[in-house]
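Heads up, start-v5.txt below (compact mmCIF, C-alpha atoms):
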# COMPACT_ATOMS: atom_id res chain seq x y z
CA MET A 1 -15.73 -12.46 -16.24
CA LYS A 2 -12.32 -12.38 -14.62
CA PRO A 3 -11.31 -8.85 -13.69
CA MET A 4 -7.79 -7.85 -14.74
CA ASP A 5 -6.65 -7.38 -11.17
CA GLN A 6 -3.17 -6.48 -10.09
CA THR A 7 -3.11 -9.03 -7.29
CA PRO A 8 -4.80 -12.41 -7.07
CA SER A 9 -7.62 -12.24 -4.56
CA PRO A 10 -10.12 -14.73 -3.15
CA GLU A 11 -12.74 -11.99 -3.24
CA THR A 12 -15.46 -12.26 -5.86
CA ASP A 13 -17.70 -9.59 -7.33
CA GLU A 14 -20.69 -11.18 -5.61
CA LYS A 15 -19.02 -11.08 -2.19
CA LEU A 16 -17.80 -7.54 -2.66
CA PHE A 17 -21.19 -6.35 -3.88
CA ALA A 18 -22.88 -8.01 -0.90
CA ALA A 19 -20.31 -6.39 1.39
CA TRP A 20 -21.14 -3.01 -0.15
CA ARG A 21 -24.86 -3.56 0.20
CA HIS A 22 -24.57 -4.47 3.87
CA ALA A 23 -21.86 -1.97 4.77
CA LYS A 24 -22.48 0.81 7.23
CA PRO A 25 -22.97 4.17 5.52
CA GLU A 26 -19.49 5.38 6.42
CA GLN A 27 -17.94 2.20 5.02
CA ARG A 28 -19.86 2.02 1.77
CA ARG A 29 -17.53 4.22 -0.18
CA ALA A 30 -14.53 2.01 0.58
CA ALA A 31 -16.58 -1.12 -0.16
CA ALA A 32 -17.57 0.26 -3.57
CA ASP A 33 -13.96 1.21 -4.31
CA ARG A 34 -12.83 -2.37 -3.63
CA LEU A 35 -15.43 -3.69 -6.04
CA PHE A 36 -14.73 -1.20 -8.82
CA ALA A 37 -10.95 -1.29 -8.49
CA ARG A 38 -11.00 -4.90 -9.70
CA TYR A 39 -12.12 -3.52 -13.07
CA TYR A 40 -9.90 -0.46 -13.38
CA GLU A 41 -7.40 -2.20 -15.65
CA ARG A 42 -9.97 -3.97 -17.77
CA VAL A 43 -12.09 -0.87 -18.32
CA GLY A 44 -8.95 1.26 -18.74
CA GLY A 45 -7.51 -1.11 -21.34
CA TRP A 46 -10.81 -1.22 -23.24
CA CYS A 47 -11.10 2.56 -23.19
CA PHE A 48 -7.55 2.77 -24.51
CA ARG A 49 -8.44 0.47 -27.39
CA LEU A 50 -11.40 2.69 -28.11
CA THR A 51 -9.67 6.06 -27.89
CA GLY A 52 -6.10 5.11 -28.82
CA GLU A 53 -4.79 7.60 -26.31
CA ARG A 54 -4.11 7.27 -22.57
CA GLU A 55 -5.48 10.57 -21.29
CA SER A 56 -8.70 10.25 -23.26
CA ALA A 57 -9.00 6.67 -22.08
CA ALA A 58 -8.59 7.79 -18.47
CA ASP A 59 -11.22 10.50 -18.91
CA LEU A 60 -13.67 8.04 -20.43
CA ALA A 61 -12.97 5.40 -17.78
CA GLN A 62 -13.39 8.01 -15.06
CA ASP A 63 -16.84 8.92 -16.35
CA VAL A 64 -17.74 5.24 -16.53
CA PHE A 65 -16.86 4.65 -12.89
CA LEU A 66 -18.48 7.85 -11.68
CA LYS A 67 -21.67 6.76 -13.38
CA ALA A 68 -21.31 3.25 -12.00
CA HIS A 69 -20.84 4.67 -8.50
CA ARG A 70 -24.01 6.70 -8.83
CA HIS A 71 -26.05 3.78 -10.07
CA LEU A 72 -24.58 0.89 -8.11
CA ASP A 73 -27.79 0.45 -6.16
CA SER A 74 -29.59 -0.27 -9.44
CA PHE A 75 -27.51 -3.42 -10.01
CA GLN A 76 -29.91 -6.25 -9.32
CA GLY A 77 -27.61 -9.21 -9.85
CA ASN A 78 -29.52 -10.31 -12.95
CA SER A 79 -26.26 -10.42 -14.88
CA GLN A 80 -22.61 -10.69 -14.00
CA PHE A 81 -21.30 -7.54 -12.41
CA GLY A 82 -18.73 -7.20 -15.20
CA THR A 83 -21.51 -7.27 -17.82
CA TRP A 84 -23.39 -4.55 -15.96
CA LEU A 85 -20.25 -2.44 -15.82
CA TYR A 86 -19.63 -3.11 -19.51
CA SER A 87 -23.09 -1.81 -20.40
CA ILE A 88 -22.23 1.49 -18.72
CA ALA A 89 -18.86 1.66 -20.50
CA ARG A 90 -20.44 0.80 -23.85
CA ASN A 91 -23.17 3.44 -23.51
CA GLU A 92 -20.74 6.10 -22.37
CA ALA A 93 -18.36 5.32 -25.25
CA ILE A 94 -21.09 5.37 -27.88
CA ASN A 95 -22.63 8.57 -26.53
CA ARG A 96 -19.24 10.23 -26.85
CA SER A 97 -18.79 8.95 -30.38
CA LYS A 98 -22.19 10.25 -31.39
CA ARG A 99 -21.35 13.70 -30.05
CA ALA A 100 -18.17 13.72 -32.11
CA ALA A 101 -19.65 12.26 -35.31
CA LEU A 102 -18.45 13.81 -38.54
CA PRO A 103 -20.77 15.03 -41.31
CA MET A 104 -21.41 12.83 -44.33
CA ASP A 105 -18.80 12.93 -47.10
CA ASP A 106 -19.03 12.27 -50.83
CA SER A 107 -17.93 8.66 -50.48
CA GLU A 108 -21.21 7.92 -48.77
CA GLU A 109 -23.35 8.42 -51.86
CA ALA A 110 -23.79 4.66 -52.09
CA LEU A 111 -25.49 4.72 -48.69
CA LEU A 112 -27.84 7.39 -49.93
CA ASP A 113 -28.67 5.28 -52.99
CA VAL A 114 -29.60 2.32 -50.82
CA ALA A 115 -31.38 4.30 -48.12
CA THR A 116 -33.64 5.97 -50.68
CA LEU A 117 -34.50 2.80 -52.62
CA GLU A 118 -38.19 2.17 -52.71
CA PRO A 119 -39.05 -1.42 -51.91
CA ASP A 120 -42.34 -2.52 -53.42
CA PRO A 121 -45.31 -1.75 -51.17
CA GLU A 122 -46.14 -5.41 -50.48
CA GLN A 123 -42.67 -6.19 -49.22
CA LEU A 124 -42.58 -3.00 -47.23
CA ALA A 125 -45.87 -3.90 -45.56
CA ALA A 126 -44.69 -7.45 -44.87
CA ARG A 127 -41.57 -6.22 -43.19
CA ASN A 128 -43.36 -3.48 -41.27
CA SER A 129 -40.88 -0.78 -41.99
CA ARG A 130 -38.12 0.56 -44.15
CA ALA A 131 -35.72 -0.17 -41.29
CA ARG A 132 -36.49 -3.88 -41.42
CA TRP A 133 -36.23 -3.86 -45.21
CA LEU A 134 -32.75 -2.33 -44.92
CA GLN A 135 -31.77 -4.93 -42.32
CA THR A 136 -32.69 -7.72 -44.71
CA PHE A 137 -30.89 -6.01 -47.56
CA LEU A 138 -27.78 -5.72 -45.40
CA ALA A 139 -27.94 -9.36 -44.27
CA GLN A 140 -28.19 -10.57 -47.88
CA THR A 141 -25.51 -8.28 -49.26
CA LEU A 142 -22.65 -8.24 -46.73
CA ASP A 143 -20.69 -10.94 -44.95
CA GLU A 144 -20.68 -11.06 -41.13
CA LYS A 145 -17.49 -9.07 -40.59
CA GLU A 146 -18.61 -6.36 -42.99
CA ARG A 147 -22.00 -6.18 -41.26
CA THR A 148 -20.37 -5.87 -37.86
CA VAL A 149 -18.00 -3.11 -38.94
CA PHE A 150 -20.81 -1.38 -40.84
CA THR A 151 -23.14 -1.53 -37.82
CA LEU A 152 -20.54 -0.22 -35.38
CA HIS A 153 -19.60 2.61 -37.74
CA TYR A 154 -22.98 3.68 -39.11
CA GLY A 155 -25.22 2.44 -36.31
CA ASP A 156 -23.10 3.46 -33.33
CA GLU A 157 -20.89 6.02 -35.06
CA LEU A 158 -17.69 4.52 -33.71
CA PRO A 159 -14.62 5.82 -35.56
CA LEU A 160 -12.94 3.38 -37.93
CA ASP A 161 -9.63 3.38 -36.05
CA ALA A 162 -11.48 2.50 -32.83
CA ILE A 163 -13.27 -0.37 -34.57
CA THR A 164 -9.95 -1.61 -35.96
CA ARG A 165 -8.46 -1.75 -32.48
CA LEU A 166 -11.54 -3.15 -30.73
CA LEU A 167 -12.09 -5.95 -33.24
CA ARG A 168 -8.33 -6.53 -33.64
CA LEU A 169 -8.55 -6.23 -37.41
CA GLU A 170 -5.04 -6.99 -38.61
CA ASN A 171 -5.35 -6.23 -42.33
CA SER A 172 -3.34 -3.21 -43.42
CA SER A 173 -6.18 -0.67 -43.59
CA GLY A 174 -8.28 -2.18 -40.81
CA ALA A 175 -11.99 -1.33 -40.59
CA LYS A 176 -11.74 1.06 -43.53
CA ALA A 177 -11.24 -1.86 -45.91
CA TYR A 178 -14.46 -3.49 -44.67
CA ILE A 179 -16.39 -0.24 -45.06
CA VAL A 180 -15.07 0.29 -48.59
CA SER A 181 -15.97 -3.27 -49.50
CA ALA A 182 -19.41 -2.95 -47.88
CA LYS A 183 -20.20 0.27 -49.72
CA ARG A 184 -19.13 -1.27 -53.02
CA LYS A 185 -21.35 -4.28 -52.46
CA LEU A 186 -24.28 -2.14 -51.36
CA ALA A 187 -23.92 0.14 -54.38
CA ARG A 188 -23.82 -2.83 -56.77
CA ALA A 189 -26.85 -4.39 -55.13
CA ALA A 190 -28.72 -1.10 -55.27
CA GLN A 191 -27.93 -0.74 -58.98
CA ARG A 192 -29.24 -4.26 -59.61
CA ILE A 193 -32.46 -3.36 -57.89
CA LEU A 194 -32.84 -0.16 -59.85
CA ALA A 195 -31.97 -1.83 -63.18
CA ARG A 196 -34.04 -5.00 -62.87
CA GLY A 197 -36.65 -4.14 -60.35
CA ASP A 198 -35.27 -6.88 -58.07
CA ARG A 199 -36.06 -6.78 -54.41
CA PRO A 200 -33.89 -8.25 -51.67
CA MET B 1 -33.37 12.85 -47.02
CA ASN B 2 -30.44 15.00 -45.80
CA ASP B 3 -28.25 12.31 -44.34
CA PRO B 4 -28.58 8.65 -45.35
CA ARG B 5 -26.96 7.71 -42.09
CA ASP B 6 -30.19 8.60 -40.32
CA ALA B 7 -31.94 5.83 -42.24
CA TRP B 8 -29.12 3.43 -41.50
CA ARG B 9 -29.04 4.38 -37.82
CA GLU B 10 -32.71 3.53 -37.62
CA ALA B 11 -32.22 0.29 -39.52
CA LEU B 12 -29.28 -0.72 -37.35
CA ALA B 13 -30.87 0.15 -34.00
CA ALA B 14 -31.89 -2.59 -31.59
CA THR B 15 -35.38 -4.01 -31.98
CA PRO B 16 -37.57 -5.58 -29.29
CA ASP B 17 -36.31 -8.98 -30.51
CA CYS B 18 -32.67 -8.08 -29.92
CA LEU B 19 -30.71 -9.51 -27.01
CA ALA B 20 -30.51 -7.37 -23.88
CA LEU B 21 -26.93 -6.40 -23.07
CA GLU B 22 -27.00 -8.42 -19.85
CA ARG B 23 -27.69 -11.57 -21.87
CA LEU B 24 -24.38 -11.23 -23.71
CA GLY B 25 -22.38 -12.77 -20.88
CA GLU B 26 -24.77 -15.69 -20.34
CA PRO B 27 -25.40 -18.98 -22.16
CA LEU B 28 -27.91 -18.22 -24.92
CA THR B 29 -31.15 -20.06 -25.54
CA ALA B 30 -31.83 -21.66 -28.93
CA ALA B 31 -34.18 -18.83 -29.86
CA GLU B 32 -31.57 -16.24 -28.92
CA ARG B 33 -28.94 -18.04 -30.99
CA GLU B 34 -31.28 -18.15 -33.95
CA HIS B 35 -31.87 -14.42 -33.68
CA LEU B 36 -28.15 -13.74 -33.27
CA ASP B 37 -27.37 -15.61 -36.50
CA THR B 38 -29.36 -13.15 -38.57
CA CYS B 39 -29.17 -9.86 -36.68
CA ALA B 40 -26.36 -7.45 -37.54
CA ARG B 41 -27.11 -5.38 -34.44
CA CYS B 42 -26.72 -8.33 -32.06
CA GLN B 43 -23.65 -9.62 -33.89
CA SER B 44 -21.94 -6.26 -33.51
CA GLU B 45 -23.00 -5.99 -29.85
CA LEU B 46 -21.50 -9.40 -29.19
CA ALA B 47 -18.27 -8.45 -30.97
CA LEU B 48 -18.05 -5.28 -28.90
CA PHE B 49 -18.76 -7.19 -25.69
CA GLN B 50 -16.08 -9.74 -26.53
CA SER B 51 -13.61 -6.92 -27.05
CA PHE B 52 -14.29 -6.03 -23.41
CA THR B 53 -14.13 -9.53 -21.94
CA SER B 54 -11.14 -10.77 -23.92
CA ASP B 55 -7.93 -11.17 -21.92
CA GLU B 56 -5.90 -10.79 -25.11
CA ALA B 57 -3.88 -7.57 -25.02
CA THR B 58 -0.85 -6.15 -26.77
CA PRO B 59 2.02 -5.00 -24.55
CA GLU B 60 1.04 -1.41 -25.31
CA GLU B 61 -2.56 -2.08 -24.24
CA THR B 62 -1.38 -3.78 -21.07
CA ARG B 63 0.82 -0.81 -20.18
CA ALA B 64 -1.97 1.64 -21.01
CA GLY B 65 -4.50 -0.34 -18.94
CA ALA B 66 -2.16 -0.26 -15.95
CA TRP B 67 -1.53 3.46 -16.45
CA VAL B 68 -5.26 4.23 -16.63
CA ALA B 69 -5.88 2.07 -13.55
CA ALA B 70 -3.26 4.04 -11.60
CA GLU B 71 -4.81 7.26 -12.86
CA LEU B 72 -8.27 6.10 -11.74
CA HIS B 73 -6.94 5.30 -8.28
CA ARG B 74 -5.45 8.78 -8.14
CA ARG B 75 -8.59 10.50 -9.39
CA LEU B 76 -11.32 8.46 -7.75
CA ASP B 77 -10.16 6.60 -4.65
CA GLY B 78 -10.98 8.40 -1.47
CA ALA B 79 -12.72 11.19 -3.33
CA ALA B 80 -14.95 12.71 -0.73
CA ASN B 81 -18.06 13.23 -2.72
CA VAL B 82 -18.91 10.28 -4.94
CA THR B 83 -21.42 9.05 -2.41
CA ALA B 84 -24.76 9.89 -3.93
CA PHE B 85 -25.79 6.26 -3.74
CA GLU B 86 -25.53 6.12 0.00
CA PRO B 87 -28.86 5.80 1.80
CA ARG B 88 -30.00 8.53 4.07
CA ARG B 89 -29.39 7.93 7.74
CA ARG B 90 -32.41 6.72 9.71
CA ALA B 91 -34.50 9.41 11.38
CA PRO B 92 -33.80 9.84 15.11
CA ARG B 93 -36.13 7.87 17.35
CA PHE B 94 -35.79 9.85 20.56
CA ALA B 95 -36.64 13.38 21.47
CA TRP B 96 -33.08 14.31 22.36
CA ALA B 97 -31.88 13.00 19.06
CA ALA B 98 -34.62 14.92 17.25
CA ALA B 99 -33.60 18.08 19.06
CA ALA B 100 -29.96 17.55 18.13
CA ALA B 101 -30.98 16.93 14.53
CA ALA B 102 -33.06 20.12 14.53
CA VAL B 103 -30.05 22.13 15.73
CA PHE B 104 -27.96 20.51 13.04
CA VAL B 105 -30.53 21.30 10.38
CA ILE B 106 -30.69 24.95 11.43
CA VAL B 107 -26.91 25.32 11.43
CA ALA B 108 -26.60 23.49 8.14
CA GLY B 109 -29.42 25.58 6.71
CA LEU B 110 -27.68 28.80 7.64
CA TRP B 111 -24.50 27.54 6.05
CA MET B 112 -26.25 26.31 2.93
CA GLU B 113 -28.07 29.60 2.56
CA LYS B 114 -24.78 31.12 1.47
CA ARG B 115 -24.63 28.62 -1.36
CA GLU B 116 -27.23 27.57 -3.85
CA PRO B 117 -28.78 24.21 -2.94
CA SER B 118 -27.39 21.20 -4.75
CA LEU B 119 -29.27 18.31 -6.28
CA GLY B 120 -29.15 14.87 -4.72
CA ASP B 121 -26.40 13.50 -6.92
CA ALA B 122 -24.55 16.67 -7.60
CA GLY B 123 -21.71 15.57 -5.41
CA VAL B 124 -19.32 14.57 -8.13
CA THR B 125 -17.84 18.01 -8.43
CA ASN B 126 -14.27 19.06 -7.84
CA VAL B 127 -13.03 15.66 -6.81
CA TYR B 128 -11.29 14.23 -9.81
CA ARG B 129 -9.62 16.99 -11.71
CA THR B 130 -6.15 18.13 -10.85
CA GLY B 131 -6.85 21.88 -10.75
CA ARG B 132 -9.72 23.48 -8.90
CA LEU B 133 -12.12 25.96 -10.38
CA ASP B 134 -15.11 27.00 -8.33
CA ALA B 135 -18.37 27.24 -10.21
CA VAL B 136 -20.60 29.94 -8.68
CA ALA B 137 -23.94 29.69 -10.46
CA PRO B 138 -26.23 28.13 -11.47
CA LEU B 139 -26.13 25.23 -9.01
CA GLY B 140 -28.89 23.03 -7.66
CA ASP B 141 -32.58 23.87 -7.75
CA LEU B 142 -33.43 27.27 -9.19
CA ALA B 143 -36.58 29.36 -9.10
CA ALA B 144 -36.17 30.43 -12.74
CA ALA B 145 -34.09 29.59 -15.79
CA PRO B 146 -30.54 30.97 -15.46
CA ARG B 147 -29.47 33.79 -17.77
CA GLU B 148 -25.74 33.32 -17.34
CA LEU B 149 -23.01 31.03 -15.97
CA ARG B 150 -20.57 32.36 -13.37
CA TRP B 151 -17.38 31.05 -11.80
CA ASN B 152 -14.35 32.27 -9.85
CA ALA B 153 -11.22 33.40 -11.66
CA VAL B 154 -8.18 31.14 -11.91
CA ALA B 155 -4.75 32.78 -11.75
CA GLY B 156 -2.98 32.69 -15.10
CA ALA B 157 -6.03 31.70 -17.13
CA THR B 158 -6.43 33.49 -20.45
CA ALA B 159 -9.71 31.86 -21.46
CA TYR B 160 -12.52 29.76 -20.06
CA THR B 161 -14.39 27.14 -22.07
CA VAL B 162 -17.89 26.28 -20.95
CA GLU B 163 -20.20 23.47 -21.94
CA ILE B 164 -23.83 22.65 -21.15
CA THR B 165 -25.08 19.11 -21.67
CA GLU B 166 -28.11 16.99 -21.04
CA VAL B 167 -27.79 14.44 -18.25
CA ASP B 168 -26.89 11.80 -20.85
CA ARG B 169 -24.04 14.16 -21.82
CA THR B 170 -25.56 15.23 -25.13
CA LEU B 171 -24.00 18.59 -25.87
CA LEU B 172 -26.47 21.49 -25.87
CA TRP B 173 -24.11 24.42 -26.11
CA HIS B 174 -20.48 25.35 -25.68
CA SER B 175 -18.60 28.61 -25.78
CA GLU B 176 -15.44 30.38 -24.73
CA THR B 177 -14.78 33.66 -22.95
CA SER B 178 -11.99 35.50 -21.17
CA ALA B 179 -14.40 36.74 -18.46
CA THR B 180 -15.67 34.85 -15.42
CA ARG B 181 -19.26 34.90 -16.56
CA ILE B 182 -21.04 34.26 -19.81
CA VAL B 183 -24.56 35.11 -20.91
CA LEU B 184 -26.61 32.18 -22.20
CA PRO B 185 -28.22 32.57 -25.62
CA PRO B 186 -32.04 32.58 -25.61
CA ASN B 187 -32.28 29.15 -27.27
CA VAL B 188 -30.28 27.64 -24.40
CA VAL B 189 -32.34 29.45 -21.75
CA ALA B 190 -35.44 28.09 -23.45
CA GLN B 191 -34.17 24.55 -22.93
CA CYS B 192 -34.03 24.99 -19.16
CA ALA B 193 -37.50 23.58 -18.68
CA PRO B 194 -38.86 23.13 -15.13
CA GLY B 195 -37.84 19.79 -13.68
CA LYS B 196 -35.20 19.11 -16.31
CA THR B 197 -31.69 18.65 -14.92
CA LEU B 198 -28.85 20.03 -17.02
CA LEU B 199 -25.10 19.71 -16.52
CA TRP B 200 -22.40 22.28 -17.10
CA ASP B 201 -18.74 22.64 -16.59
CA VAL B 202 -16.10 25.26 -17.12
CA ALA B 203 -12.39 24.83 -17.72
CA ALA B 204 -9.71 27.45 -17.30
CA ARG B 205 -7.11 27.55 -20.08
CA ARG B 206 -3.86 29.19 -20.90
CA GLY B 207 -3.26 28.58 -24.57
CA SER B 208 -3.86 24.89 -25.15
CA ASP B 209 -3.17 23.97 -21.51
CA GLU B 210 -6.06 23.25 -19.17
CA LEU B 211 -5.23 24.83 -15.82
CA ALA B 212 -8.30 23.79 -13.89
CA SER B 213 -11.79 22.48 -14.30
CA SER B 214 -14.96 22.83 -12.28
CA GLY B 215 -16.00 19.23 -12.86
CA VAL B 216 -19.62 18.50 -13.70
CA GLN B 217 -22.15 20.87 -12.12
CA ARG B 218 -25.91 20.41 -12.13
CA PHE B 219 -28.89 22.69 -12.04
CA ARG B 220 -32.61 22.36 -12.47
CA VAL B 221 -35.44 24.84 -12.63
CA ALA B 222 -37.88 23.87 -9.91
CA VAL B 223 -41.30 22.68 -10.96
CA PRO B 224 -43.91 25.22 -9.77
CA VAL B 225 -46.13 23.90 -6.98
CA PRO B 226 -49.83 24.57 -7.70
CA GLY B 227 -51.47 26.93 -5.23
CA ARG B 228 -48.25 28.49 -4.01
Full structure transcribed into structure tokens:
Amino acid sequence: MKPMDQTPSPETDEKLFAAWRHAKPEQRRAAADRLFARYYERVGGWCFRLTGERESAADLAQDVFLKAHRHLDSFQGNSQFGTWLYSIARNEAINRSKRAALPMDDSEEALLDVATLEPDPEQLAARNSRARWLQTFLAQTLDEKERTVFTLHYGDELPLDAITRLLRLENSSGAKAYIVSAKRKLARAAQRILARGDRP
Amino acid sequence: MNDPRDAWREALAATPDCLALERLGEPLTAAEREHLDTCARCQSELALFQSFTSDEATPEETRAGAWVAAELHRRLDGAANVTAFEPRRRAPRFAWAAAAAAVFVIVAGLWMEKREPSLGDAGVTNVYRTGRLDAVAPLGDLAAAPRELRWNAVAGATAYTVEITEVDRTLLWHSETSATRIVLPPNVVAQCAPGKTLLWDVAARRGSDELASSGVQRFRVAVPVPGR
């Protein structure tokens, strides 16, 4: 992953991480700063797409890098450094979204209908759990984009405007259109099941 | 069922078959690809990851990214205390060095006695906010669960907002006061279990303006040692 760096540099993440690992204690801080600073713009830009606002993006990015600083010694080199940093940013962003999640509204009745459907006992046993039954139902009912938006919104509780910006959805109502479409499809499929006794 | 989203959250959570996040940036095996084709969780994780790795950016995003980067340099670079990951210095090998270290420990101990001890990675405080607000207590390891939070006054502040979170930043409690201390409700005190680290911070406000913040503080009720 190419960091969005301000100036071209022959340094690589691997070299900078190795330099940090082998640095004298009094030089480690500066070595870590050199490594992380390569990602300030990338993480900052991503946080801006998530929050839609500069100050909030800076606060989120700050928490990401503080956490990364604290846990840098846990990076084992099993993935690219940028991927490791992304995992911290992703977790921090989703934790924040979950803390700010809004209560259910009336438009989510369709979700209740589906979530409370009773699959027949044999299918439930074959799929181990209601969760897996719902996964299959989702896969058979929604297209890939709807599933992705649905998962980010209802699985990770990301706000719709954030999903619109992150996925670069260019339709006029962004992620909301996919959620509306997904709910409609899920409701129809749930009604079919209730009416005919079908199972996904 | 009170909230159908609970069922969906469970259904949409990662399973043991799902790709680990660190695999997202690597070439996938055939089995991983096959799983990805049918798993909504992994498809959404990949989409989110690609939103991070993509170099595509609108002019507004580019400007915002540069602004945030400058802000991060201002807030983080050279901050004196984000060094919790640094290894401890090696123990002195010679008697004179041990004696010097002992003197240092005594002096440091006397100085630290005036403050409450801090946890190993509590050093992220007061280094990245513009205003300074000194948290007084609780800090570090405690003998018993705290009953209140205390901090020093900030000139011009009309209110202080406080927040207690788990270490993963899950909010446990928040409140507001015009005083420089606030009593914790019993249900919050009850959550201060021995060995469990909690975070708190306080911000000084005047109207909607934040004048200063303490940054994240940590405390933990010490685990009782048997026989002592």
Original post:
What lies within 8 Å of B:Ile164 using only C-alpha atoms, ignoring chain neighbours under 5 positions off, as a list in words?
Top reply: Leu171, Leu172, Trp173, His174, Leu198, Leu199, Trp200 and Asp201 of chain B
**OP:** Quick one: everything within 6 Å of stretch 48-56 of chain A, counting all atoms listed in the file, minus sequence neighbours fewer than 5 positions away in the same chain. Send it as a VMD selection string.
**Re:** chain A and resid 162 165 to 166
Can you pull out every residue within 6 Å of stretch 150-154 of chain B, counting only C-alpha atoms, but drop anything in the same chain fewer than 6 positions away, and send it as a short mmCIF file (atom, residue, chain, number, x, y, z; two decimals) with C-alpha atoms, in the frame of the given file?
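Done, and the output landed in selection20.cif:
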data_model
loop_
_atom_site.label_atom_id
_atom_site.label_comp_id
_atom_site.auth_asym_id
_atom_site.auth_seq_id
_atom_site.Cartn_x
_atom_site.Cartn_y
_atom_site.Cartn_z
CA ASP B 134 -15.11 27.00 -8.33
CA ALA B 135 -18.37 27.24 -10.21
CA VAL B 136 -20.60 29.94 -8.68
CA ALA B 137 -23.94 29.69 -10.46
CA THR B 180 -15.67 34.85 -15.42
CA ARG B 181 -19.26 34.90 -16.56
#
Original post:
Within 10 Å of (-14.7, 27.0, -21.1), only C-alpha atoms: residues as number ranges by chain?
Top reply: B: 159-163, 174-178, 180, 182, 200-205, 210, 213-214
Original post:
Do you have the atom CA of B:Gly195-atom CA of A:Glu92 distance handy?
Top reply: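 One can read the atom CA of B:Gly195 to atom CA of A:Glu92 distance as 23.6 Å.
Shortest atom-to-atom contact with chain A among B:Pro224, B:Gly215, B:Pro194, B:Gly140: B:Gly215, counting all atoms listed in the file.
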**OP:** For atom CA of A:Gly82 and atom CA of B:Glu71, quote the distance in Å rounded to one decimal.
**Re:**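 It comes out at 20.2 Å.
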**OP:** List every protein, DNA or RNA residue that has at least one atom no more than 10 Å from (-3.1, -4.6, -19.7) in the file's coordinates, counting all atoms listed in the file, and write the result as a PyMOL selection string.
**Re:** (chain A and resi 4-6+41-46+48) or (chain B and resi 55-69)
Original post:
In Å, how far is it from atom CA of A:Asp156 to atom CA of B:Leu48?
Top reply: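 Interatomic distance here is 11.0 Å.
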